[in-house]
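This is input_17.pdb (PDB, C-alpha atoms).
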```pdb
ATOM      1  CA  MET U 192      19.858 -29.391  39.974
ATOM      2  CA  GLY U 193      21.327 -25.955  39.497
ATOM      3  CA  LEU U 194      19.518 -23.117  37.869
ATOM      4  CA  ILE U 195      22.193 -22.699  35.240
ATOM      5  CA  ASP U 196      21.962 -26.311  34.060
ATOM      6  CA  ASN U 197      19.536 -25.597  31.303
ATOM      7  CA  ILE U 198      21.399 -22.622  29.937
ATOM      8  CA  ASN U 199      22.797 -23.696  26.618
ATOM      9  CA  LYS U 200      26.414 -22.689  26.264
ATOM     10  CA  LEU U 201      26.084 -22.640  22.499
ATOM     11  CA  PHE U 202      23.523 -19.868  22.737
ATOM     12  CA  ASP U 203      25.603 -17.849  25.118
ATOM     13  CA  HIS U 204      26.786 -15.693  22.289
ATOM     14  CA  ARG U 205      25.114 -12.685  20.723
ATOM     15  CA  ILE U 206      25.321 -13.826  17.106
ATOM     16  CA  ARG U 207      24.346 -17.458  17.656
ATOM     17  CA  LEU U 208      21.483 -16.418  19.899
ATOM     18  CA  GLY U 209      20.367 -13.908  17.292
ATOM     19  CA  MET U 210      20.536 -16.454  14.526
ATOM     20  CA  MET U 211      18.375 -18.901  16.453
ATOM     21  CA  SER U 212      15.855 -16.161  17.273
ATOM     22  CA  ILE U 213      15.507 -15.349  13.594
ATOM     23  CA  LEU U 214      15.324 -18.946  12.404
ATOM     24  CA  VAL U 215      12.764 -19.996  14.965
ATOM     25  CA  VAL U 216      10.167 -17.622  13.497
ATOM     26  CA  ASN U 217      11.083 -17.946   9.813
ATOM     27  CA  GLU U 218      10.785 -20.964   7.585
ATOM     28  CA  SER U 219      14.179 -20.344   6.070
ATOM     29  CA  VAL U 220      16.468 -17.364   5.821
ATOM     30  CA  ASP U 221      19.326 -16.727   3.430
ATOM     31  CA  PHE U 222      22.847 -15.678   4.293
ATOM     32  CA  LYS U 223      22.468 -12.112   3.095
ATOM     33  CA  ARG U 224      19.366 -11.475   5.157
ATOM     34  CA  LEU U 225      20.954 -12.958   8.285
ATOM     35  CA  LYS U 226      23.936 -10.701   7.741
ATOM     36  CA  GLU U 227      21.714  -7.640   7.436
ATOM     37  CA  LEU U 228      19.628  -8.465  10.480
ATOM     38  CA  LEU U 229      22.546  -9.322  12.726
ATOM     39  CA  GLU U 230      24.876  -6.646  11.373
ATOM     40  CA  VAL U 231      27.937  -8.873  11.184
ATOM     41  CA  THR U 232      30.669  -9.608   8.667
ATOM     42  CA  ASP U 233      30.626 -12.580   6.290
ATOM     43  CA  GLY U 234      33.429 -14.415   8.044
ATOM     44  CA  ASN U 235      31.981 -13.926  11.463
ATOM     45  CA  LEU U 236      28.559 -15.153  10.437
ATOM     46  CA  ALA U 237      29.970 -18.143   8.580
ATOM     47  CA  SER U 238      31.923 -19.392  11.582
ATOM     48  CA  HIS U 239      28.856 -19.198  13.810
ATOM     49  CA  THR U 240      26.569 -20.906  11.330
ATOM     50  CA  LYS U 241      29.123 -23.697  11.185
ATOM     51  CA  THR U 242      29.024 -24.126  14.955
ATOM     52  CA  LEU U 243      25.243 -24.361  14.955
ATOM     53  CA  GLU U 244      25.296 -26.695  11.977
ATOM     54  CA  LYS U 245      27.731 -29.017  13.760
ATOM     55  CA  ALA U 246      25.391 -29.116  16.752
ATOM     56  CA  LYS U 247      22.615 -30.102  14.294
ATOM     57  CA  TYR U 248      20.571 -27.116  15.379
ATOM     58  CA  ILE U 249      20.346 -25.754  11.861
ATOM     59  CA  VAL U 250      20.611 -27.169   8.361
ATOM     60  CA  VAL U 251      22.151 -25.477   5.355
ATOM     61  CA  GLU U 252      20.658 -25.603   1.902
ATOM     62  CA  LYS U 253      22.776 -24.509  -1.013
ATOM     63  CA  SER U 254      21.259 -23.761  -4.367
ATOM     64  CA  PHE U 255      21.549 -21.424  -7.294
ATOM     65  CA  ILE U 256      19.313 -18.534  -8.202
ATOM     66  CA  GLY U 257      20.242 -18.081 -11.827
ATOM     67  CA  ARG U 258      24.012 -18.220 -11.616
ATOM     68  CA  LYS U 259      24.285 -16.819  -8.140
ATOM     69  CA  PRO U 260      24.844 -19.272  -5.329
ATOM     70  CA  ASN U 261      22.254 -18.951  -2.588
ATOM     71  CA  THR U 262      22.697 -20.344   0.889
ATOM     72  CA  ARG U 263      19.657 -20.749   3.082
ATOM     73  CA  TYR U 264      19.428 -21.775   6.694
ATOM     74  CA  LYS U 265      16.678 -23.671   8.454
ATOM     75  CA  ILE U 266      16.201 -24.575  12.077
ATOM     76  CA  THR U 267      15.957 -28.297  12.917
ATOM     77  CA  LYS U 268      13.598 -29.949  15.376
ATOM     78  CA  GLU U 269      16.499 -30.382  17.790
ATOM     79  CA  GLY U 270      17.434 -26.768  17.354
ATOM     80  CA  LYS U 271      13.944 -25.582  18.094
ATOM     81  CA  ALA U 272      13.690 -27.764  21.197
ATOM     82  CA  ALA U 273      17.101 -26.641  22.449
ATOM     83  CA  PHE U 274      16.247 -23.005  21.880
ATOM     84  CA  GLU U 275      12.943 -23.322  23.700
ATOM     85  CA  LYS U 276      14.671 -24.989  26.613
ATOM     86  CA  HIS U 277      17.208 -22.187  26.682
ATOM     87  CA  ILE U 278      14.523 -19.509  26.738
ATOM     88  CA  GLU U 279      12.730 -21.309  29.510
ATOM     89  CA  ALA U 280      15.935 -21.424  31.513
ATOM     90  CA  LEU U 281      16.483 -17.693  30.970
ATOM     91  CA  GLU U 282      12.960 -17.041  32.104
ATOM     92  CA  ASN U 283      13.390 -19.095  35.259
ATOM     93  CA  LEU U 284      16.650 -17.389  36.089
ATOM     94  CA  ILE U 285      15.078 -13.993  35.799
ATOM     95  CA  LYS U 286      12.028 -15.037  37.786
ATOM     96  CA  GLN U 287      14.290 -16.250  40.596
ATOM     97  CA  GLN U 288      15.837 -12.836  40.821
ATOM     98  CA  ARG U 289      12.578 -11.038  41.400
TER      99      ARG U 289
ATOM    100  CA  MET N 661      33.225 -20.888  58.781
ATOM    101  CA  VAL N 662      29.970 -18.996  58.880
ATOM    102  CA  GLN N 663      31.737 -15.968  57.593
ATOM    103  CA  ILE N 664      33.201 -17.867  54.704
ATOM    104  CA  GLN N 665      29.818 -19.195  53.883
ATOM    105  CA  PHE N 666      28.427 -15.687  53.968
ATOM    106  CA  LEU N 667      31.171 -14.403  51.732
ATOM    107  CA  PHE N 668      30.591 -17.204  49.343
ATOM    108  CA  ASN N 669      26.889 -16.519  49.221
ATOM    109  CA  PHE N 670      27.517 -12.868  48.764
ATOM    110  CA  GLU N 671      29.929 -13.477  45.923
ATOM    111  CA  PHE N 672      27.545 -15.822  44.278
ATOM    112  CA  GLN N 673      24.643 -13.454  44.596
ATOM    113  CA  SER N 674      26.434 -10.511  43.101
ATOM    114  CA  THR N 675      27.749 -12.374  40.065
ATOM    115  CA  PHE N 676      24.322 -13.825  39.730
ATOM    116  CA  LYS N 677      22.769 -10.374  39.598
ATOM    117  CA  MET N 678      25.088  -9.407  36.797
ATOM    118  CA  ASP N 679      24.203 -12.537  34.895
ATOM    119  CA  SER N 680      20.554 -11.862  35.349
ATOM    120  CA  ASN N 681      20.949  -8.474  33.710
ATOM    121  CA  LYS N 682      22.749 -10.090  30.853
ATOM    122  CA  TYR N 683      19.945 -12.616  30.454
ATOM    123  CA  LEU N 684      17.317  -9.908  30.480
ATOM    124  CA  ASP N 685      19.314  -8.210  27.786
ATOM    125  CA  ASP N 686      19.432 -11.506  25.864
ATOM    126  CA  ILE N 687      15.668 -11.833  26.025
ATOM    127  CA  SER N 688      15.065  -8.349  24.718
ATOM    128  CA  LYS N 689      17.488  -9.030  21.863
ATOM    129  CA  ILE N 690      15.695 -12.273  21.031
ATOM    130  CA  LYS N 691      12.359 -10.490  20.938
ATOM    131  CA  ASP N 692      13.701  -7.676  18.809
ATOM    132  CA  LEU N 693      15.215 -10.021  16.223
ATOM    133  CA  MET N 694      12.124 -12.208  16.088
ATOM    134  CA  HIS N 695      10.054  -9.160  15.331
ATOM    135  CA  ARG N 696      12.372  -7.510  12.879
ATOM    136  CA  SER N 697      12.984 -10.705  10.936
ATOM    137  CA  SER N 698       9.409 -11.863  10.627
ATOM    138  CA  ARG N 699       7.166  -8.867  10.961
ATOM    139  CA  PHE N 700       6.703  -6.163   8.470
ATOM    140  CA  ILE N 701       6.681  -2.658   9.845
ATOM    141  CA  SER N 702       3.165  -1.598  10.675
ATOM    142  CA  LEU N 703       1.290   0.404   8.099
ATOM    143  CA  SER N 704       1.131   4.016   9.044
ATOM    144  CA  GLY N 705      -2.082   5.123  10.732
ATOM    145  CA  LEU N 706      -2.428   8.060   8.413
ATOM    146  CA  SER N 707      -2.752   5.727   5.420
ATOM    147  CA  GLY N 708      -5.733   4.068   7.113
ATOM    148  CA  ILE N 709      -7.403   7.430   7.655
ATOM    149  CA  MET N 710      -6.745   8.434   4.058
ATOM    150  CA  ALA N 711      -8.150   5.130   2.729
ATOM    151  CA  GLY N 712     -11.309   5.792   4.720
ATOM    152  CA  ILE N 713     -11.609   9.297   3.334
ATOM    153  CA  TYR N 714     -11.178   8.085  -0.255
ATOM    154  CA  ALA N 715     -13.856   5.450   0.309
ATOM    155  CA  LEU N 716     -16.262   8.021   1.755
ATOM    156  CA  THR N 717     -15.606  10.465  -1.088
ATOM    157  CA  GLY N 718     -16.229   7.738  -3.647
ATOM    158  CA  ALA N 719     -19.404   6.682  -1.859
ATOM    159  CA  LEU N 720     -20.664  10.256  -1.603
ATOM    160  CA  PHE N 721     -20.129  10.797  -5.313
ATOM    161  CA  THR N 722     -21.882   7.519  -6.066
ATOM    162  CA  TYR N 723     -24.768   8.414  -3.777
ATOM    163  CA  LEU N 724     -25.267  11.855  -5.300
ATOM    164  CA  PHE N 725     -24.966  11.029  -8.971
ATOM    165  CA  LEU N 726     -24.908   7.351  -9.730
ATOM    166  CA  LEU N 727     -27.377   5.381  -7.659
ATOM    167  CA  PRO N 728     -30.362   4.254  -9.706
ATOM    168  CA  GLU N 729     -33.767   5.805  -9.089
ATOM    169  CA  PRO N 730     -35.870   3.932  -6.545
ATOM    170  CA  GLY N 731     -37.444   0.918  -8.167
ATOM    171  CA  GLN N 732     -34.742   0.679 -10.794
ATOM    172  CA  TYR N 733     -31.821  -1.691 -10.825
ATOM    173  CA  LEU N 734     -28.243  -1.294 -11.785
ATOM    174  CA  THR N 735     -27.423  -3.345 -14.813
ATOM    175  CA  LEU N 736     -24.040  -4.540 -15.809
ATOM    176  CA  HIS N 737     -23.726  -2.506 -18.971
ATOM    177  CA  SER N 738     -25.266   0.739 -17.841
ATOM    178  CA  TRP N 739     -23.113   3.852 -17.743
ATOM    179  CA  ASN N 740     -23.553   4.348 -14.011
ATOM    180  CA  PHE N 741     -22.464   0.817 -13.241
ATOM    181  CA  ARG N 742     -19.286   1.359 -15.221
ATOM    182  CA  LEU N 743     -18.630   4.614 -13.412
ATOM    183  CA  ILE N 744     -19.131   2.928 -10.048
ATOM    184  CA  ILE N 745     -16.560   0.305 -11.017
ATOM    185  CA  ILE N 746     -14.148   3.050 -12.049
ATOM    186  CA  ILE N 747     -14.695   4.792  -8.718
ATOM    187  CA  LEU N 748     -14.101   1.538  -6.820
ATOM    188  CA  ILE N 749     -10.877   0.912  -8.677
ATOM    189  CA  SER N 750      -9.629   4.466  -8.128
ATOM    190  CA  VAL N 751     -10.447   4.290  -4.415
ATOM    191  CA  ALA N 752      -8.496   1.039  -4.155
ATOM    192  CA  LEU N 753      -5.548   2.358  -6.179
ATOM    193  CA  LEU N 754      -5.378   5.651  -4.300
ATOM    194  CA  SER N 755      -5.468   3.823  -0.959
ATOM    195  CA  VAL N 756      -2.715   1.437  -1.962
ATOM    196  CA  LEU N 757      -0.590   4.265  -3.359
ATOM    197  CA  THR N 758      -1.028   6.392  -0.228
ATOM    198  CA  GLY N 759      -0.314   3.394   1.980
ATOM    199  CA  TYR N 760       2.826   2.620   0.036
ATOM    200  CA  LEU N 761       4.129   6.202   0.075
ATOM    201  CA  LEU N 762       3.448   6.825   3.760
ATOM    202  CA  THR N 763       4.771   3.432   4.833
ATOM    203  CA  SER N 764       7.971   3.743   2.829
ATOM    204  CA  LYS N 765       8.484   7.200   4.299
ATOM    205  CA  LYS N 766       8.100   5.738   7.762
ATOM    206  CA  ALA N 767      10.405   2.852   6.897
ATOM    207  CA  LYS N 768      13.062   5.253   5.689
ATOM    208  CA  LYS N 769      12.806   7.205   8.917
ATOM    209  CA  ASN N 770      13.260   4.042  10.975
ATOM    210  CA  ASN N 771      16.019   2.833   8.678
ATOM    211  CA  GLU N 772      14.068  -0.224   7.642
ATOM    212  CA  LYS N 773      13.720  -1.736   4.214
ATOM    213  CA  ILE N 774      10.253  -1.743   2.745
ATOM    214  CA  TRP N 775      10.851  -4.519   0.242
ATOM    215  CA  ASP N 776      12.142  -7.713   1.773
ATOM    216  CA  GLU N 777      11.060 -11.312   2.161
ATOM    217  CA  THR N 778       8.496 -10.491   4.803
ATOM    218  CA  THR N 779       6.865  -7.886   2.573
ATOM    219  CA  LYS N 780       6.615 -10.416  -0.192
ATOM    220  CA  ARG N 781       4.960 -12.925   2.116
ATOM    221  CA  LEU N 782       2.702 -10.202   3.502
ATOM    222  CA  LEU N 783       1.538  -9.237   0.036
ATOM    223  CA  ILE N 784       0.944 -12.820  -1.043
ATOM    224  CA  SER N 785      -1.070 -13.688   2.047
ATOM    225  CA  PHE N 786      -3.072 -10.483   1.627
ATOM    226  CA  LEU N 787      -3.707 -10.924  -2.074
ATOM    227  CA  VAL N 788      -4.789 -14.570  -2.123
ATOM    228  CA  PRO N 789      -8.130 -14.049  -0.320
ATOM    229  CA  LEU N 790      -8.603 -10.618  -1.866
ATOM    230  CA  VAL N 791      -8.166 -11.700  -5.485
ATOM    231  CA  THR N 792     -10.259 -14.819  -4.856
ATOM    232  CA  GLY N 793     -13.042 -12.592  -3.559
ATOM    233  CA  GLY N 794     -12.686 -10.122  -6.401
ATOM    234  CA  VAL N 795     -12.924 -12.792  -9.068
ATOM    235  CA  TYR N 796     -15.842 -14.431  -7.272
ATOM    236  CA  ILE N 797     -17.719 -11.121  -7.141
ATOM    237  CA  LEU N 798     -17.095 -10.529 -10.848
ATOM    238  CA  ILE N 799     -18.428 -13.992 -11.696
ATOM    239  CA  LYS N 800     -21.501 -13.329  -9.578
ATOM    240  CA  LEU N 801     -22.044  -9.931 -11.193
ATOM    241  CA  ASN N 802     -21.848 -11.543 -14.608
ATOM    242  CA  SER N 803     -24.749 -13.794 -13.700
ATOM    243  CA  GLN N 804     -26.783 -10.803 -12.443
ATOM    244  CA  HIS N 805     -26.250 -11.457  -8.737
ATOM    245  CA  TYR N 806     -25.714  -7.968  -7.395
ATOM    246  CA  GLY N 807     -27.277  -8.349  -3.983
ATOM    247  CA  LEU N 808     -24.350  -9.652  -2.006
ATOM    248  CA  THR N 809     -21.576  -7.595  -3.595
ATOM    249  CA  ALA N 810     -20.975  -5.288  -0.605
ATOM    250  CA  SER N 811     -21.145  -8.156   1.836
ATOM    251  CA  LEU N 812     -18.702 -10.246  -0.188
ATOM    252  CA  MET N 813     -16.300  -7.321  -0.532
ATOM    253  CA  LEU N 814     -16.311  -6.796   3.231
ATOM    254  CA  ILE N 815     -15.904 -10.482   4.047
ATOM    255  CA  PHE N 816     -13.074 -11.176   1.617
ATOM    256  CA  TYR N 817     -11.304  -7.953   2.536
ATOM    257  CA  GLY N 818     -11.579  -8.912   6.207
ATOM    258  CA  LEU N 819     -10.191 -12.377   5.492
ATOM    259  CA  ALA N 820      -7.312 -10.819   3.558
ATOM    260  CA  LEU N 821      -6.486  -8.561   6.508
ATOM    261  CA  VAL N 822      -6.622 -11.392   9.039
ATOM    262  CA  ASN N 823      -4.474 -13.568   6.795
ATOM    263  CA  ALA N 824      -1.872 -10.835   6.273
ATOM    264  CA  SER N 825      -1.803  -9.818   9.931
ATOM    265  CA  LYS N 826       0.681 -12.600  10.683
ATOM    266  CA  TYR N 827       3.311 -10.444   9.045
ATOM    267  CA  THR N 828       2.435  -7.095  10.520
ATOM    268  CA  LEU N 829       2.990  -5.361  13.770
ATOM    269  CA  GLY N 830      -0.032  -3.939  15.444
ATOM    270  CA  ASN N 831      -3.634  -4.966  15.378
ATOM    271  CA  VAL N 832      -4.671  -5.190  11.743
ATOM    272  CA  LYS N 833      -6.328  -8.502  12.509
ATOM    273  CA  TYR N 834      -8.968  -6.800  14.640
ATOM    274  CA  LEU N 835      -9.875  -4.566  11.729
ATOM    275  CA  GLY N 836     -10.099  -7.779   9.708
ATOM    276  CA  TYR N 837     -12.439  -9.440  12.209
ATOM    277  CA  ALA N 838     -14.602  -6.322  12.308
ATOM    278  CA  GLU N 839     -14.902  -6.291   8.501
ATOM    279  CA  ILE N 840     -15.810  -9.987   8.414
ATOM    280  CA  ILE N 841     -18.524  -9.570  11.057
ATOM    281  CA  LEU N 842     -19.877  -6.507   9.304
ATOM    282  CA  GLY N 843     -19.924  -8.405   6.016
ATOM    283  CA  LEU N 844     -21.881 -11.250   7.580
ATOM    284  CA  VAL N 845     -24.404  -8.889   9.164
ATOM    285  CA  CYS N 846     -24.673  -7.166   5.795
ATOM    286  CA  ALA N 847     -25.465 -10.483   4.139
ATOM    287  CA  ALA N 848     -28.295 -10.996   6.620
ATOM    288  CA  LEU N 849     -29.819  -7.593   5.868
ATOM    289  CA  PRO N 850     -30.285  -7.361   2.111
ATOM    290  CA  GLY N 851     -30.816  -3.964   0.566
ATOM    291  CA  TYR N 852     -28.461  -2.016   2.809
ATOM    292  CA  GLY N 853     -25.220  -3.095   1.146
ATOM    293  CA  PHE N 854     -24.289   0.438   0.151
ATOM    294  CA  TRP N 855     -24.455   1.646   3.762
ATOM    295  CA  PHE N 856     -22.564  -1.310   5.140
ATOM    296  CA  TRP N 857     -19.894  -0.681   2.525
ATOM    297  CA  ILE N 858     -19.585   2.928   3.743
ATOM    298  CA  VAL N 859     -19.246   1.795   7.354
ATOM    299  CA  GLY N 860     -16.718  -0.944   6.574
ATOM    300  CA  PHE N 861     -14.492   0.782   4.073
ATOM    301  CA  GLY N 862     -15.018   4.365   5.218
ATOM    302  CA  PHE N 863     -15.603   4.622   8.939
ATOM    303  CA  PHE N 864     -13.758   1.492  10.043
ATOM    304  CA  HIS N 865     -10.631   2.627   8.198
ATOM    305  CA  ILE N 866     -10.793   6.095   9.678
ATOM    306  CA  LEU N 867     -11.394   4.722  13.163
ATOM    307  CA  TYR N 868      -8.650   2.128  12.909
ATOM    308  CA  GLY N 869      -6.256   4.603  11.294
ATOM    309  CA  SER N 870      -6.796   7.180  14.029
ATOM    310  CA  LEU N 871      -6.247   4.589  16.771
ATOM    311  CA  VAL N 872      -2.948   3.556  15.177
ATOM    312  CA  TYR N 873      -2.031   7.170  14.525
ATOM    313  CA  PHE N 874      -2.475   8.239  18.130
ATOM    314  CA  LYS N 875      -0.570   5.207  19.347
ATOM    315  CA  GLU N 876       2.292   6.140  16.996
ATOM    316  CA  GLU N 877       2.367   9.690  18.251
ATOM    317  CA  LYS N 878       2.721   8.554  21.847
TER     318      LYS N 878
END
```
As structure tokens, the full file:
Amino acid sequence: MGLIDNINKLFDHRIRLGMMSILVVNESVDFKRLKELLEVTDGNLASHTKTLEKAKYIVVEKSFIGRKPNTRYKITKEGKAAFEKHIEALENLIKQQR
Amino acid sequence: MVQIQFLFNFEFQSTFKMDSNKYLDDISKIKDLMHRSSRFISLSGLSGIMAGIYALTGALFTYLFLLPEPGQYLTLHSWNFRLIIIILISVALLSVLTGYLLTSKKAKKNNEKIWDETTKRLLISFLVPLVTGGVYILIKLNSQHYGLTASLMLIFYGLALVNASKYTLGNVKYLGYAEIILGLVCAALPGYGFWFWIVGFGFFHILYGSLVYFKEEK
């Protein structure tokens, strides 16, 4: 088994990795806050949330606050497990180097 | 053949090194985002020191002018009891105001927002035990139970700090534990509530504030 096997290709991207890091420690986060924290554009963020949603790592909840649409993101059980596995793999890789 | 193998290994190693740096970078980014998204900026140390000084000033004033003569009791409707309540409220308000001003100044400097979802959650988790305690103390006072007031204030304040510490950076929870322990000791030693209050709200704040302050300066 290679060391790289557990590295999740989906998380091999700054924005997706960032999104997972935020969602794993927050119950749910809305689009605006994600945008602020990650410092990305709307379009960019939307495409990456879609990728993670397709992988079933996050779920999207759409609702209205007054008349304003509000989109919130939550991490799924699978997402959490995958992210933990990824972190573990990163850790092991770095340990190997020392 | 051996040479090829060596070359291959060498190649592999060097790309691997690069990757490892990237992964280290990834980990630090993960940590940073986890913190920024879930943890409120730490309260400034100076606000802790100031809160302690307000508490001590209030206590000194109370000690000099408002404590009942030996052998006498404070009653709920006496003028000195009302003044003590006013002092307590002003100490609390001044501390909160100072904390807010200093923290928002610090937030501005670090380009952080003071009012976001984490702040809201921080405030709620802080206020639930605190308000519960406050109301409980008022109910007790209304039925002439004065004895445990200082102890209850310390305990509920400590619980509020521990509960809110999930959303803060730094070590507020240790201040919380210290207040809870002090409150419990205070409950076991009736009659010294005033002095325990001074230690918990005055000295502990100053001590904690200075520790944070010196850490910030570093």
Given the file shown, determine the residues that the ChimeraX specification (/N :<12) & /U selects; report them as a tab-separated table (two decimals) with C-alpha atoms, in the coordinates of the input.
```tsv
chain	number	residue	atom	x	y	z
U	194	LEU	CA	19.52	-23.12	37.87
U	195	ILE	CA	22.19	-22.70	35.24
U	198	ILE	CA	21.40	-22.62	29.94
U	202	PHE	CA	23.52	-19.87	22.74
U	203	ASP	CA	25.60	-17.85	25.12
U	204	HIS	CA	26.79	-15.69	22.29
U	205	ARG	CA	25.11	-12.68	20.72
U	206	ILE	CA	25.32	-13.83	17.11
U	207	ARG	CA	24.35	-17.46	17.66
U	208	LEU	CA	21.48	-16.42	19.90
U	209	GLY	CA	20.37	-13.91	17.29
U	210	MET	CA	20.54	-16.45	14.53
U	211	MET	CA	18.38	-18.90	16.45
U	212	SER	CA	15.86	-16.16	17.27
U	213	ILE	CA	15.51	-15.35	13.59
U	214	LEU	CA	15.32	-18.95	12.40
U	215	VAL	CA	12.76	-20.00	14.96
U	216	VAL	CA	10.17	-17.62	13.50
U	217	ASN	CA	11.08	-17.95	9.81
U	218	GLU	CA	10.78	-20.96	7.58
U	219	SER	CA	14.18	-20.34	6.07
U	220	VAL	CA	16.47	-17.36	5.82
U	221	ASP	CA	19.33	-16.73	3.43
U	223	LYS	CA	22.47	-12.11	3.10
U	224	ARG	CA	19.37	-11.48	5.16
U	225	LEU	CA	20.95	-12.96	8.28
U	226	LYS	CA	23.94	-10.70	7.74
U	227	GLU	CA	21.71	-7.64	7.44
U	228	LEU	CA	19.63	-8.46	10.48
U	229	LEU	CA	22.55	-9.32	12.73
U	230	GLU	CA	24.88	-6.65	11.37
U	274	PHE	CA	16.25	-23.00	21.88
U	275	GLU	CA	12.94	-23.32	23.70
U	277	HIS	CA	17.21	-22.19	26.68
U	278	ILE	CA	14.52	-19.51	26.74
U	279	GLU	CA	12.73	-21.31	29.51
U	280	ALA	CA	15.94	-21.42	31.51
U	281	LEU	CA	16.48	-17.69	30.97
U	282	GLU	CA	12.96	-17.04	32.10
U	283	ASN	CA	13.39	-19.10	35.26
U	284	LEU	CA	16.65	-17.39	36.09
U	285	ILE	CA	15.08	-13.99	35.80
U	286	LYS	CA	12.03	-15.04	37.79
U	287	GLN	CA	14.29	-16.25	40.60
U	288	GLN	CA	15.84	-12.84	40.82
U	289	ARG	CA	12.58	-11.04	41.40
```
For Ser750 in chain N, please output as number ranges by chain all residues within 12 Å (counting all atoms listed in the file; exclusion window: fewer than 5 positions along the same chain). N: 711, 714-715, 717-719, 743-745, 755-758
Do you know which residues the PyMOL selection byres ((chain U and resi 248-252) around 7) returns on this file, as an MDAnalysis selection string? chainID U and resid 243:244 246:247 253:254 262:267 269:270
Can you pull out every residue within 7 Å of Val822 in chain N, counting all atoms listed in the file, but drop anything in the same chain fewer than 6 positions away, and send it as a PyMOL selection string? chain N and resi 833+836-837
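The space separating CA of Phe721 in chain N from CA of Gln804 in chain N comes to 23.7 Å.
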Using only the atoms of range 863-872 of chain N listed in the file, plus 8 Å on each side, state the axis-aligned box centre and edge lengths in Å rounded to one decimal, as lines of an AutoDock Vina configuration file.
```
center_x = -9.3
center_y = 4.3
center_z = 12.5
size_x = 28.7
size_y = 21.7
size_z = 24.6
```
Please provide as a PDB file with C-alpha atoms, in the coordinates of the input all residues within 10 Å of Tyr834 in chain N, with the sequence filter that same-chain residues fewer than 2 positions apart are discarded (counting all atoms listed in the file).
```
ATOM      1  CA  GLY N 818     -11.579  -8.912   6.207  1.00  0.00           C
ATOM      2  CA  LEU N 821      -6.486  -8.561   6.508  1.00  0.00           C
ATOM      3  CA  VAL N 822      -6.622 -11.392   9.039  1.00  0.00           C
ATOM      4  CA  SER N 825      -1.803  -9.818   9.931  1.00  0.00           C
ATOM      5  CA  GLY N 830      -0.032  -3.939  15.444  1.00  0.00           C
ATOM      6  CA  ASN N 831      -3.634  -4.966  15.378  1.00  0.00           C
ATOM      7  CA  VAL N 832      -4.671  -5.190  11.743  1.00  0.00           C
ATOM      8  CA  GLY N 836     -10.099  -7.779   9.708  1.00  0.00           C
ATOM      9  CA  TYR N 837     -12.439  -9.440  12.209  1.00  0.00           C
ATOM     10  CA  ALA N 838     -14.602  -6.322  12.308  1.00  0.00           C
ATOM     11  CA  GLU N 839     -14.902  -6.291   8.501  1.00  0.00           C
ATOM     12  CA  ILE N 840     -15.810  -9.987   8.414  1.00  0.00           C
ATOM     13  CA  TYR N 868      -8.650   2.128  12.909  1.00  0.00           C
TER      14      TYR N 868
END
```
Quick one: apply the PyMOL selection byres ((chain N and resi 853) around 9) to the file and drop the selected residues here as a VMD selection string. chain N and resid 807 to 811 843 846 to 847 849 to 852 854 to 858
A straight line from CA of Leu762 in chain N to CA of Ile841 in chain N spans 28.4 Å
Nearest residue to Leu783 in chain N out of N:Trp739, N:Tyr796, N:Thr828, N:Asn802, using only C-alpha atoms? N:Thr828
When distances are computed from only C-alpha atoms, which of N:Tyr873, N:Leu720, N:Asn823, N:Met710 shows the smallest separation from Leu754 in chain N? N:Met710
A straight line from CA of Ile797 in chain N to CA of Leu748 in chain N spans 13.2 Å
Restricting the calculation to all atoms listed in the file: of U:Lys268, U:Phe222, U:Lys200, U:Ile256, which residue gets closest to Asn235 in chain U? U:Phe222
Give me, as an MDAnalysis selection string, all polymer residues having an atom no more than 6 Å from His865 in chain N, counting only C-alpha atoms and skipping those fewer than 6 positions away in the same chain. chainID N and resid 708:709 712
Please write the residues from the selection above to a file, keeping C-alpha atoms, as a PDB file, keeping the file's coordinate frame.
```
ATOM      1  CA  GLY N 708      -5.733   4.068   7.113  1.00  0.00           C
ATOM      2  CA  ILE N 709      -7.403   7.430   7.655  1.00  0.00           C
ATOM      3  CA  GLY N 712     -11.309   5.792   4.720  1.00  0.00           C
TER       4      GLY N 712
END
```
Rebuild range 218-224 of chain U so that it carries N, CA and C atoms, then output the result as a compact mmCIF listing (two decimals), in the frame of the given file.
```txt
# COMPACT_ATOMS: atom_id res chain seq x y z
N GLU U 218 10.63 -19.64 8.16
CA GLU U 218 10.78 -20.96 7.58
C GLU U 218 12.22 -21.21 7.17
N SER U 219 12.76 -20.28 6.39
CA SER U 219 14.18 -20.34 6.07
C SER U 219 14.65 -18.94 5.74
N VAL U 220 15.92 -18.71 6.00
CA VAL U 220 16.47 -17.36 5.82
C VAL U 220 17.79 -17.49 5.08
N ASP U 221 18.05 -16.59 4.13
CA ASP U 221 19.33 -16.73 3.43
C ASP U 221 20.43 -15.92 4.11
N PHE U 222 21.65 -16.23 3.66
CA PHE U 222 22.85 -15.68 4.29
C PHE U 222 22.82 -14.14 4.34
N LYS U 223 22.43 -13.57 3.21
CA LYS U 223 22.47 -12.11 3.10
C LYS U 223 21.54 -11.45 4.12
N ARG U 224 20.36 -12.04 4.24
CA ARG U 224 19.37 -11.48 5.16
C ARG U 224 19.83 -11.63 6.61
```
